[in-house]
Amino acid sequence: MRDTVIVFARAPRLGTVKRRLARDIGDQAALRFHTATLTGLLRDLAACRRFDVVLAVTPDRAFVRLPPRVGRIGQGHGDLGARMARALRRYRRVALMGCDIPDAGAADVRAAFRALGSVDAVFGPAQDGGYWLIGLGPRRPRDLFGAVRWSTEHALADTLRQFHRHRVAFIRRLADVDTVAEYQAWARRSIQRRPPRA
């Protein structure tokens, strides 16, 4: 069975995505950001032929236009931990990542799968104390997440408690975009990366 990366995302719908960010920049701008980062990530991942790509979407039956080579599953019911655990159990070697880390891409997923050659789990830490990627091999805790305080600075530390008997590695620390300051920093980086016009 091939390695699989699962992208966890809300379906792009006005007023339902990036709600914390939307309070500052508006629903339309938040939707544009969400759609652009999700689409860009899926295209980048699908272009890499080293693993399969699956979008885990909520609501389960929402329409999302997918690039070629991207599968789709519903997230189902339950809190974030329950939905992530259910998706991760489908695959023997798997990475699961969020879609609101604009700097993440296929190179990071390749690094995660390389790390899984010698450890049981790999995490991509986020600057806010959470994590944007979890990668698992076949040896994993029965209860993956326990009592994780999601959307707090404790999310990674809480999750790591479940892995105290497992070998763990980390890939690069990245920033997600949840606040207007993070959004403005991302916008500045995006402008600086654009090639000059001929």
# chains A, B, ... in the order shown; residues from 1 in each chain; ligands from 1
$ select_by_dssp --residues "chain A" --states "helix (DSSP H, G or I)" --output "PyMOL selection string"
chain A and resi 19-25+27-47+80-88+106-115+155-162+180-193
$ closest_atom_pairs --of "segment 55-107 of chain A" --to "segment 151-156 of chain A" --cutoff "12 Å" --atoms "only C-alpha atoms" --output "tab-separated table"
residue	atom	partner	partner_atom	distance
A:Asp79	CA	A:Ser151	CA	11.8
A:Leu80	CA	A:Ser151	CA	9.8
A:Gly81	CA	A:Ala155	CA	10.6
$ closest_residue --among "A:Ala30, A:Ala85, A:Val7, A:Leu160" --to "Arg72 of chain A" --atoms "only C-alpha atoms"
A:Val7
$ residues_around --residues "Ser118 of chain A" --least-positions-apart "2" --cutoff "10 Å" --atoms "only C-alpha atoms" --output "MDAnalysis selection string"
chainID A and resid 113:116 120:121 137 167:169
$ closest_residue --among "A:Ala87, A:Leu144, A:Ala22, A:Ile6" --to "Asp52 of chain A" --atoms "only C-alpha atoms"
A:Ile6
$ closest_residue --among "A:Phe51, A:Trp132, A:Phe145, A:Tyr91" --to "Arg110 of chain A" --atoms "only C-alpha atoms"
A:Phe51
$ closest_atom_pairs --of "segment 5-117 of chain A" --to "segment 170-188 of chain A" --cutoff "7 Å" --atoms "only C-alpha atoms" --output "Markdown table"
| residue | atom | partner | partner_atom | distance |
| --- | --- | --- | --- | --- |
| A:Lys18 | CA | A:Asp178 | CA | 6.9 |
| A:Arg20 | CA | A:Asp178 | CA | 6.2 |
| A:Leu21 | CA | A:Thr179 | CA | 5.1 |
| A:Asp24 | CA | A:Val180 | CA | 6.1 |
| A:Ile25 | CA | A:Val180 | CA | 6.9 |
| A:Asp100 | CA | A:Asp176 | CA | 5.7 |
| A:Ile101 | CA | A:Asp176 | CA | 4.5 |
| A:Ala112 | CA | A:Ile171 | CA | 6.6 |
$ write_last_selection --atoms "C-alpha atoms" --output "compact mmCIF listing (two decimals), in the first residue's frame"
# COMPACT_ATOMS: atom_id res chain seq x y z
CA LYS A 18 -11.34 30.90 8.61
CA ARG A 20 -11.44 33.94 13.32
CA LEU A 21 -9.57 35.59 10.46
CA ASP A 24 -10.85 41.08 10.80
CA ILE A 25 -10.66 40.81 7.01
CA ASP A 100 -4.15 26.80 6.35
CA ILE A 101 -0.34 26.68 6.38
CA ALA A 112 7.71 13.42 6.97
$ atom_distance --atom1 "atom CA of Val119 of chain A" --atom2 "atom CA of Leu136 of chain A"
8.7 Å
